[in-house]
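Novice: After the structure tokens below, expect a handful of questions from me.
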2 protein chains.
Amino acid sequence: MAGRLGIVAGGGGLPLRLIECCRAAGRDVFVLAIEGAAEPEMVRGVPHAWCRIGAAGAGLALLRENNVTELVLAGGIRRPSLLSLRPDRRAAKLFARIGYRALGDDGLLSAVVAELEREGFRVIGADQLLDGEIAREGPLGAILPNRQSEADIEHGLRIARVLGALDIGQAVIVQQGLVLGVEAIEGTDELLRRCGAIRREGPGGVLVKMQKPGQERRADQPTIGLRTVELAVETGLLGIAVEADATIVLDRLDVIRAADRAGLFVVGVRRS
Amino acid sequence: MAGRLGIVAGGGGLPLRLIECCRAAGRDVFVLAIEGAAEPEMVRGVPHAWCRIGAAGAGLALLRENNVTELVLAGGIRRPSLLSLRPDRRAAKLFARIGYRALGDDGLLSAVVAELEREGFRVIGADQLLDGEIAREGPLGAILPNRQSEADIEHGLRIARVLGALDIGQAVIVQQGLVLGVEAIEGTDELLRRCGAIRREGPGGVLVKMQKPGQERRADQPTIGLRTVELAVETGLLGIAVEADATIVLDRLDVIRAADRAGLFVVGVRRS
């Protein structure tokens, strides 16, 4: 029997999108759903098992028992504290090896990917399965950023680069040159929500979302979707800038339609 | 008649504290209260006038008419958008001169201080009037940070230094090596509130608050008070680290008493 694709599924819409893609392509999948992160509805009717984030040994065994050879890590996993992690022996061994590199979010994910490959799995990026849904350079829809927004994007890029280098977060919101908010562990949706309350009068700001420099591409790829556009509109933003060739756009056509209707630009940019 | 002390008052508890200090010292004050920022109760029974943030010409005239020669800038002023600023001719002249330096918060404040000195006022720091209320190095109360907290403080210092250099904010919250939140324009109280909702299980985090590198000392000095301690306790933090010799501690004795009672450390640290 040919190896199945394993989907290690966290929260958000990305895992379901992958399942749908594989179903459409006739590809057999097995979902390892992470407790407290993945949404129960997602795995309905799909071969799956649930697993604690700290139960690495059980998780590896489940993947093997289900003939998984190729793996994709998809969806957000809010990092638990070491205490609530309750690592099993296998997870404890991993943590003992990576030590303080586990402190940052990305350090942990990179180590997990390396460990999975050491265990003989081929780990691929979600973008490899979602052909054509990666943001390219330039505008996605009909709206273009104006000069003020371009300046805000430039400023946001500078800041996102530093935030990423410190392994803090991927996103920042800039309005008229002012940094309204910076994403850490709360995620982009929460960042958007709170910036709605503190935005300034006048022309709205921009959300800039970039991959962390040196980020493990196969884990926690920057992602936007319809919800991001809706929240950006509610926050009074003029647009969204994402890293070209690195950001997954879920429901691309819906995103473009909603953005165009709201007069919001969505643009792929490169780090300068 | 000897020149009075002018207090340009924004929000928070610092302006009232200055007024009380001056009253206790028998020093004559005139308060220029910034509309939308200063609290109306603060100026009750004190010689004062209200002024829009954009009405620089009127503000300067008010200070002169009231024999102000020495000035202190105190309290937070949420930066308005350029549109809602509606600068008068005097303010427009200032903005024309400082141009893009005004984009960051600190650039604007430094320029305002320089401009006030050019107009012949002596601008002093709030700390010069609040003798003995500046945090020194070491613990303020009876509680000391443990080893995990010391590591979190170290990590927070690294991040605060970069945030400050980018003129983003003064504060960061770190729990078990993870950056829970980063302050931008929303301020430290809001940062504390939102991190309460996303904190991890296990030992709590620390708030690290530092002066921005190269920050104009006489404007927007980092300040903590009783409210900061109360919010830190609600957020489940283990303690607060502030920059030694740079941070104003309002109600020092009350802060120490409340922190000791809650088992929270408050410590003055130096940037390494």
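A note on labels: chains of the structure tokens are A, B, ... as shown, every chain counts residues from 1, and ligands are counted from 1 in their shown order.
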Looking only at the backbone, which of the residues in stretch 49-252 of chain B does DSSP tag as alpha helix (DSSP H), as a PyMOL selection string?

Specialist: chain B and resi 56-65+82-85+89-98+105-118+126-129+147-165+188-198+226-234+252

Novice: Store the residues of this selection in a file with C-alpha atoms, as an mmCIF file, in the first residue's frame.

Specialist:
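Output below, filename selection_39.cif:
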data_model
loop_
_atom_site.group_PDB
_atom_site.id
_atom_site.type_symbol
_atom_site.label_atom_id
_atom_site.label_comp_id
_atom_site.auth_asym_id
_atom_site.auth_seq_id
_atom_site.Cartn_x
_atom_site.Cartn_y
_atom_site.Cartn_z
ATOM 1 C CA ALA B 56 0.483 75.191 19.307
ATOM 2 C CA GLY B 57 0.225 78.973 18.778
ATOM 3 C CA ALA B 58 -2.576 79.356 21.308
ATOM 4 C CA GLY B 59 -0.764 77.073 23.742
ATOM 5 C CA LEU B 60 2.469 79.051 23.598
ATOM 6 C CA ALA B 61 0.527 82.292 24.104
ATOM 7 C CA LEU B 62 -1.274 80.846 27.130
ATOM 8 C CA LEU B 63 2.009 79.759 28.719
ATOM 9 C CA ARG B 64 3.519 83.241 28.219
ATOM 10 C CA GLU B 65 0.437 85.095 29.475
ATOM 11 C CA LEU B 82 -2.584 64.310 11.108
ATOM 12 C CA LEU B 83 -6.140 64.943 9.974
ATOM 13 C CA SER B 84 -7.707 65.268 13.411
ATOM 14 C CA LEU B 85 -4.674 67.274 14.554
ATOM 15 C CA ARG B 89 -0.093 78.055 11.779
ATOM 16 C CA ARG B 90 2.417 77.626 14.568
ATOM 17 C CA ALA B 91 1.972 73.836 14.695
ATOM 18 C CA ALA B 92 2.069 73.589 10.892
ATOM 19 C CA LYS B 93 5.407 75.427 10.928
ATOM 20 C CA LEU B 94 6.768 72.887 13.404
ATOM 21 C CA PHE B 95 5.548 69.957 11.331
ATOM 22 C CA ALA B 96 6.977 71.459 8.181
ATOM 23 C CA ARG B 97 10.357 71.662 9.911
ATOM 24 C CA ILE B 98 10.447 68.188 11.470
ATOM 25 C CA ASP B 105 6.169 58.895 18.650
ATOM 26 C CA ASP B 106 9.492 59.806 20.131
ATOM 27 C CA GLY B 107 10.654 61.803 17.132
ATOM 28 C CA LEU B 108 7.617 64.018 17.581
ATOM 29 C CA LEU B 109 8.144 64.483 21.308
ATOM 30 C CA SER B 110 11.830 65.267 20.951
ATOM 31 C CA ALA B 111 10.986 67.861 18.322
ATOM 32 C CA VAL B 112 8.351 69.426 20.576
ATOM 33 C CA VAL B 113 10.867 69.693 23.447
ATOM 34 C CA ALA B 114 13.473 71.264 21.154
ATOM 35 C CA GLU B 115 10.870 73.704 19.823
ATOM 36 C CA LEU B 116 9.786 74.756 23.304
ATOM 37 C CA GLU B 117 13.407 75.474 24.214
ATOM 38 C CA ARG B 118 13.815 77.476 21.026
ATOM 39 C CA ALA B 126 9.057 65.080 35.536
ATOM 40 C CA ASP B 127 11.578 63.031 37.520
ATOM 41 C CA GLN B 128 13.413 66.214 38.553
ATOM 42 C CA LEU B 129 10.261 67.305 40.378
ATOM 43 C CA ARG B 147 15.683 32.057 37.932
ATOM 44 C CA GLN B 148 12.940 31.615 35.333
ATOM 45 C CA SER B 149 11.852 35.216 35.828
ATOM 46 C CA GLU B 150 15.448 36.389 35.496
ATOM 47 C CA ALA B 151 15.673 34.588 32.149
ATOM 48 C CA ASP B 152 12.361 36.155 31.087
ATOM 49 C CA ILE B 153 13.660 39.603 32.094
ATOM 50 C CA GLU B 154 16.831 39.059 30.042
ATOM 51 C CA HIS B 155 14.761 38.081 27.013
ATOM 52 C CA GLY B 156 12.406 41.020 27.556
ATOM 53 C CA LEU B 157 15.339 43.436 27.745
ATOM 54 C CA ARG B 158 16.642 42.220 24.408
ATOM 55 C CA ILE B 159 13.255 42.715 22.818
ATOM 56 C CA ALA B 160 12.484 46.053 24.489
ATOM 57 C CA ARG B 161 15.791 47.405 23.203
ATOM 58 C CA VAL B 162 14.825 46.631 19.615
ATOM 59 C CA LEU B 163 11.237 47.854 20.030
ATOM 60 C CA GLY B 164 12.547 51.082 21.446
ATOM 61 C CA ALA B 165 15.103 51.546 18.688
ATOM 62 C CA THR B 188 1.069 49.300 28.927
ATOM 63 C CA ASP B 189 -2.323 48.956 30.657
ATOM 64 C CA GLU B 190 -3.931 47.579 27.503
ATOM 65 C CA LEU B 191 -0.982 45.260 26.917
ATOM 66 C CA LEU B 192 -1.423 43.839 30.423
ATOM 67 C CA ARG B 193 -5.178 43.385 29.959
ATOM 68 C CA ARG B 194 -4.910 41.397 26.757
ATOM 69 C CA CYS B 195 -2.070 39.199 27.974
ATOM 70 C CA GLY B 196 -4.288 38.031 30.832
ATOM 71 C CA ALA B 197 -6.429 36.206 28.274
ATOM 72 C CA ILE B 198 -3.582 34.443 26.457
ATOM 73 C CA LEU B 226 -0.426 51.197 41.665
ATOM 74 C CA ARG B 227 -2.619 50.478 38.614
ATOM 75 C CA THR B 228 0.311 48.759 36.884
ATOM 76 C CA VAL B 229 0.803 46.474 39.888
ATOM 77 C CA GLU B 230 -2.922 45.686 40.097
ATOM 78 C CA LEU B 231 -3.108 44.829 36.395
ATOM 79 C CA ALA B 232 0.081 42.760 36.604
ATOM 80 C CA VAL B 233 -1.480 40.719 39.412
ATOM 81 C CA GLU B 234 -4.715 40.243 37.404
ATOM 82 C CA ARG B 252 6.192 54.361 45.537
#

Novice: Is it possible to see chain B as a tab-separated table (two decimals) with C-alpha atoms, in the first residue's frame, once it has been laid onto chain A by a least-squares fit on every C-alpha atom in order?

Specialist:
chain	number	residue	atom	x	y	z
B	1	MET	CA	-0.02	0.03	-0.04
B	2	ALA	CA	1.36	3.43	-0.98
B	3	GLY	CA	1.99	5.78	1.92
B	4	ARG	CA	-0.76	8.16	2.84
B	5	LEU	CA	-0.39	11.86	3.38
B	6	GLY	CA	-0.47	12.69	7.07
B	7	ILE	CA	-1.88	16.05	8.08
B	8	VAL	CA	-0.86	17.23	11.55
B	9	ALA	CA	-3.74	19.61	12.13
B	10	GLY	CA	-3.88	22.68	14.34
B	11	GLY	CA	-6.51	25.42	14.36
B	12	GLY	CA	-7.79	27.75	11.63
B	13	GLY	CA	-9.02	26.98	8.14
B	14	LEU	CA	-5.84	25.58	6.59
B	15	PRO	CA	-6.20	21.90	7.63
B	16	LEU	CA	-9.74	21.65	6.21
B	17	ARG	CA	-8.57	23.30	3.01
B	18	LEU	CA	-5.82	20.68	2.67
B	19	ILE	CA	-8.27	17.85	3.29
B	20	GLU	CA	-10.56	19.22	0.56
B	21	CYS	CA	-7.64	19.61	-1.85
B	22	CYS	CA	-6.52	16.04	-1.29
B	23	ARG	CA	-10.07	14.75	-1.64
B	24	ALA	CA	-10.42	16.60	-4.97
B	25	ALA	CA	-7.10	15.13	-6.13
B	26	GLY	CA	-8.08	11.62	-4.98
B	27	ARG	CA	-5.25	11.54	-2.49
B	28	ASP	CA	-5.60	9.40	0.64
B	29	VAL	CA	-5.08	11.28	3.93
B	30	PHE	CA	-4.78	10.58	7.62
B	31	VAL	CA	-5.32	13.49	10.01
B	32	LEU	CA	-3.51	13.69	13.35
B	33	ALA	CA	-5.64	16.32	15.06
B	34	ILE	CA	-4.01	18.24	17.91
B	35	GLU	CA	-6.22	18.42	21.00
B	36	GLY	CA	-7.26	21.93	21.94
B	37	ALA	CA	-6.19	23.33	18.56
B	38	ALA	CA	-7.89	21.49	15.66
B	39	GLU	CA	-11.62	21.96	15.12
B	40	PRO	CA	-13.68	18.77	15.63
B	41	GLU	CA	-15.90	19.40	12.57
B	42	MET	CA	-12.86	19.35	10.32
B	43	VAL	CA	-12.15	15.63	10.77
B	44	ARG	CA	-15.72	14.47	10.28
B	45	GLY	CA	-15.72	11.61	7.76
B	46	VAL	CA	-11.92	11.62	7.45
B	47	PRO	CA	-9.59	8.94	8.86
B	48	HIS	CA	-8.12	10.60	11.92
B	49	ALA	CA	-6.95	10.36	15.51
B	50	TRP	CA	-6.61	12.95	18.25
B	51	CYS	CA	-3.32	13.54	20.01
B	52	ARG	CA	-2.05	15.78	22.82
B	53	ILE	CA	0.73	18.13	21.70
B	54	GLY	CA	3.00	16.63	24.36
B	55	ALA	CA	2.32	13.02	23.36
B	56	ALA	CA	4.98	12.79	20.66
B	57	GLY	CA	5.52	9.02	21.10
B	58	ALA	CA	1.84	8.21	20.67
B	59	GLY	CA	1.61	10.60	17.72
B	60	LEU	CA	4.53	9.02	15.88
B	61	ALA	CA	3.06	5.55	16.48
B	62	LEU	CA	-0.33	6.66	15.13
B	63	LEU	CA	1.26	8.06	11.96
B	64	ARG	CA	3.18	4.80	11.36
B	65	GLU	CA	0.19	2.55	12.07
B	66	ASN	CA	-1.72	4.51	9.46
B	67	ASN	CA	0.96	4.08	6.79
B	68	VAL	CA	1.88	7.74	6.67
B	69	THR	CA	5.16	8.46	4.87
B	70	GLU	CA	4.64	12.06	3.83
B	71	LEU	CA	3.59	14.72	6.31
B	72	VAL	CA	2.31	18.26	6.30
B	73	LEU	CA	2.02	20.51	9.38
B	74	ALA	CA	-0.97	22.81	9.04
B	75	GLY	CA	-2.78	25.31	11.19
B	76	GLY	CA	-1.95	27.26	14.27
B	77	ILE	CA	-1.02	25.60	17.54
B	78	ARG	CA	-1.03	27.95	20.50
B	79	ARG	CA	2.08	27.01	22.29
B	80	PRO	CA	1.29	25.57	25.71
B	81	SER	CA	3.42	26.21	28.73
B	82	LEU	CA	6.00	23.55	29.50
B	83	LEU	CA	3.87	22.55	32.47
B	84	SER	CA	0.65	21.90	30.58
B	85	LEU	CA	2.66	20.22	27.81
B	86	ARG	CA	3.17	17.12	29.98
B	87	PRO	CA	5.71	15.68	27.53
B	88	ASP	CA	5.81	11.90	27.16
B	89	ARG	CA	9.24	10.17	27.00
B	90	ARG	CA	9.58	10.78	23.29
B	91	ALA	CA	8.70	14.49	23.58
B	92	ALA	CA	10.96	14.89	26.62
B	93	LYS	CA	13.84	13.46	24.58
B	94	LEU	CA	13.20	16.04	21.87
B	95	PHE	CA	13.08	18.89	24.37
B	96	ALA	CA	16.24	17.69	26.04
B	97	ARG	CA	17.97	17.82	22.66
B	98	ILE	CA	16.72	21.21	21.47
B	99	GLY	CA	16.87	22.85	24.90
B	100	TYR	CA	16.65	26.60	24.81
B	101	ARG	CA	16.08	26.77	21.10
B	102	ALA	CA	12.55	25.70	22.00
B	103	LEU	CA	11.93	29.02	23.66
B	104	GLY	CA	10.94	30.82	20.47
B	105	ASP	CA	8.00	29.65	18.47
B	106	ASP	CA	9.92	29.08	15.30
B	107	GLY	CA	12.84	27.35	16.98
B	108	LEU	CA	10.39	24.78	18.31
B	109	LEU	CA	8.70	24.23	14.96
B	110	SER	CA	11.97	23.90	13.07
B	111	ALA	CA	13.13	21.33	15.60
B	112	VAL	CA	9.88	19.38	15.25
B	113	VAL	CA	10.26	19.29	11.45
B	114	ALA	CA	13.88	18.13	11.73
B	115	GLU	CA	12.85	15.46	14.24
B	116	LEU	CA	10.07	14.15	12.01
B	117	GLU	CA	12.54	13.82	9.13
B	118	ARG	CA	14.96	12.01	11.41
B	119	GLU	CA	12.11	9.59	12.11
B	120	GLY	CA	11.88	8.90	8.37
B	121	PHE	CA	8.92	11.06	7.34
B	122	ARG	CA	9.07	13.37	4.36
B	123	VAL	CA	7.80	16.75	5.54
B	124	ILE	CA	6.33	19.00	2.85
B	125	GLY	CA	4.96	22.55	2.98
B	126	ALA	CA	1.22	23.18	2.86
B	127	ASP	CA	1.85	25.43	-0.15
B	128	GLN	CA	3.10	22.45	-2.17
B	129	LEU	CA	-0.37	20.92	-1.86
B	130	LEU	CA	-2.27	24.16	-2.47
B	131	ASP	CA	-1.06	24.85	-5.98
B	132	GLY	CA	-1.76	28.36	-7.19
B	133	GLU	CA	-2.78	29.66	-3.78
B	134	ILE	CA	0.52	31.28	-2.89
B	135	ALA	CA	0.51	35.09	-3.12
B	136	ARG	CA	2.65	36.35	-6.00
B	137	GLU	CA	4.21	39.79	-6.19
B	138	GLY	CA	1.78	42.59	-7.00
B	139	PRO	CA	-1.91	43.21	-6.37
B	140	LEU	CA	-4.27	40.25	-5.99
B	141	GLY	CA	-7.41	42.20	-6.81
B	142	ALA	CA	-8.34	45.42	-8.56
B	143	ILE	CA	-7.35	47.87	-5.79
B	144	LEU	CA	-3.85	49.34	-5.55
B	145	PRO	CA	-2.20	50.94	-2.51
B	146	ASN	CA	-1.94	54.74	-2.64
B	147	ARG	CA	1.24	56.63	-1.75
B	148	GLN	CA	0.50	56.85	1.98
B	149	SER	CA	-0.24	53.13	2.08
B	150	GLU	CA	2.98	52.40	0.21
B	151	ALA	CA	4.90	54.35	2.86
B	152	ASP	CA	3.04	52.45	5.60
B	153	ILE	CA	3.91	49.14	3.89
B	154	GLU	CA	7.59	50.13	3.73
B	155	HIS	CA	7.58	50.98	7.43
B	156	GLY	CA	5.71	47.76	8.26
B	157	LEU	CA	8.25	45.70	6.31
B	158	ARG	CA	11.09	47.20	8.30
B	159	ILE	CA	9.36	46.37	11.55
B	160	ALA	CA	8.16	42.90	10.52
B	161	ARG	CA	11.73	42.00	9.59
B	162	VAL	CA	12.95	42.79	13.09
B	163	LEU	CA	9.97	41.14	14.80
B	164	GLY	CA	10.58	38.04	12.77
B	165	ALA	CA	14.29	37.99	13.50
B	166	LEU	CA	13.43	38.04	17.21
B	167	ASP	CA	10.91	35.23	16.67
B	168	ILE	CA	8.10	37.41	18.06
B	169	GLY	CA	5.47	37.39	15.35
B	170	GLN	CA	4.66	37.82	11.67
B	171	ALA	CA	2.35	40.82	11.53
B	172	VAL	CA	2.22	44.55	12.21
B	173	ILE	CA	-0.37	47.26	11.58
B	174	VAL	CA	0.80	50.73	10.54
B	175	GLN	CA	-1.44	53.76	10.04
B	176	GLN	CA	-0.04	57.04	8.71
B	177	GLY	CA	3.42	56.05	9.81
B	178	LEU	CA	2.33	55.10	13.33
B	179	VAL	CA	2.67	51.51	14.57
B	180	LEU	CA	-0.81	50.75	15.91
B	181	GLY	CA	-0.06	47.20	16.93
B	182	VAL	CA	2.43	44.39	16.79
B	183	GLU	CA	1.59	40.69	16.75
B	184	ALA	CA	3.11	38.36	19.30
B	185	ILE	CA	1.48	35.09	20.40
B	186	GLU	CA	-2.11	36.36	20.12
B	187	GLY	CA	-2.21	35.94	16.35
B	188	THR	CA	-3.22	38.16	13.45
B	189	ASP	CA	-7.00	38.04	14.04
B	190	GLU	CA	-6.62	39.34	17.58
B	191	LEU	CA	-4.18	42.01	16.43
B	192	LEU	CA	-6.74	43.23	13.89
B	193	ARG	CA	-9.55	43.26	16.47
B	194	ARG	CA	-7.70	45.39	18.99
B	195	CYS	CA	-6.39	47.86	16.42
B	196	GLY	CA	-9.97	48.64	15.44
B	197	ALA	CA	-10.42	50.30	18.83
B	198	ILE	CA	-7.28	52.46	18.71
B	199	ARG	CA	-7.13	53.48	15.07
B	200	ARG	CA	-6.64	57.14	14.26
B	201	GLU	CA	-8.98	59.34	12.29
B	202	GLY	CA	-8.32	59.81	8.60
B	203	PRO	CA	-6.90	57.39	6.04
B	204	GLY	CA	-6.77	53.83	7.41
B	205	GLY	CA	-3.70	51.71	7.99
B	206	VAL	CA	-2.26	48.56	6.49
B	207	LEU	CA	-1.66	45.06	7.78
B	208	VAL	CA	1.79	43.78	6.85
B	209	LYS	CA	2.33	40.04	7.26
B	210	MET	CA	5.70	38.44	6.55
B	211	GLN	CA	7.37	35.12	6.99
B	212	LYS	CA	9.94	35.23	9.76
B	213	PRO	CA	13.48	35.41	8.30
B	214	GLY	CA	14.92	31.91	8.35
B	215	GLN	CA	11.51	30.53	9.27
B	216	GLU	CA	10.97	26.83	8.67
B	217	ARG	CA	8.83	27.09	5.53
B	218	ARG	CA	7.11	23.81	6.25
B	219	ALA	CA	5.57	24.96	9.52
B	220	ASP	CA	3.42	27.93	10.41
B	221	GLN	CA	3.48	29.54	6.97
B	222	PRO	CA	1.90	32.99	6.93
B	223	THR	CA	-1.70	32.56	5.84
B	224	ILE	CA	-4.54	34.94	5.05
B	225	GLY	CA	-8.14	34.18	4.13
B	226	LEU	CA	-11.62	35.60	3.91
B	227	ARG	CA	-11.69	36.18	7.69
B	228	THR	CA	-8.53	38.30	7.45
B	229	VAL	CA	-10.16	40.50	4.81
B	230	GLU	CA	-13.37	40.84	6.84
B	231	LEU	CA	-11.46	41.81	9.99
B	232	ALA	CA	-9.26	44.23	8.03
B	233	VAL	CA	-12.40	45.96	6.74
B	234	GLU	CA	-13.88	46.14	10.27
B	235	THR	CA	-10.58	47.58	11.52
B	236	GLY	CA	-10.83	50.35	8.94
B	237	LEU	CA	-7.66	49.31	7.09
B	238	LEU	CA	-6.98	50.34	3.51
B	239	GLY	CA	-5.24	47.11	2.68
B	240	ILE	CA	-3.15	44.04	3.38
B	241	ALA	CA	0.45	43.42	2.26
B	242	VAL	CA	1.81	39.89	2.48
B	243	GLU	CA	5.16	38.39	1.62
B	244	ALA	CA	5.16	37.32	-2.01
B	245	ASP	CA	5.98	33.67	-2.74
B	246	ALA	CA	5.69	32.83	0.95
B	247	THR	CA	2.10	33.51	2.02
B	248	ILE	CA	-0.80	31.12	1.58
B	249	VAL	CA	-4.03	32.75	0.42
B	250	LEU	CA	-6.99	30.55	1.40
B	251	ASP	CA	-10.10	30.87	-0.80
B	252	ARG	CA	-8.18	33.08	-3.20
B	253	LEU	CA	-11.14	34.02	-5.40
B	254	ASP	CA	-13.39	34.77	-2.42
B	255	VAL	CA	-10.62	36.88	-0.90
B	256	ILE	CA	-10.24	38.90	-4.10
B	257	ARG	CA	-13.99	39.33	-4.49
B	258	ALA	CA	-14.50	40.47	-0.87
B	259	ALA	CA	-11.48	42.80	-0.99
B	260	ASP	CA	-12.54	44.40	-4.28
B	261	ARG	CA	-16.07	44.87	-3.01
B	262	ALA	CA	-14.80	46.58	0.16
B	263	GLY	CA	-12.25	48.71	-1.71
B	264	LEU	CA	-9.39	47.00	0.14
B	265	PHE	CA	-6.08	46.26	-1.55
B	266	VAL	CA	-4.30	42.94	-1.08
B	267	VAL	CA	-0.78	42.97	-2.41
B	268	GLY	CA	2.18	40.61	-2.46
B	269	VAL	CA	5.43	42.38	-1.61
B	270	ARG	CA	9.07	41.40	-1.30
B	271	ARG	CA	11.26	42.24	1.64
B	272	SER	CA	13.56	45.00	0.46

Novice: Enumerate as a VMD selection string all residues of stretch 9-191 of chain B assigned to strand (DSSP E or B) by DSSP on the backbone, naming them with the chain letters and numbers the document uses.

Specialist: chain B and resid 9 11 29 to 34 48 to 51 68 to 74 76 122 to 124 134 138 to 139 171 to 175 178 to 182
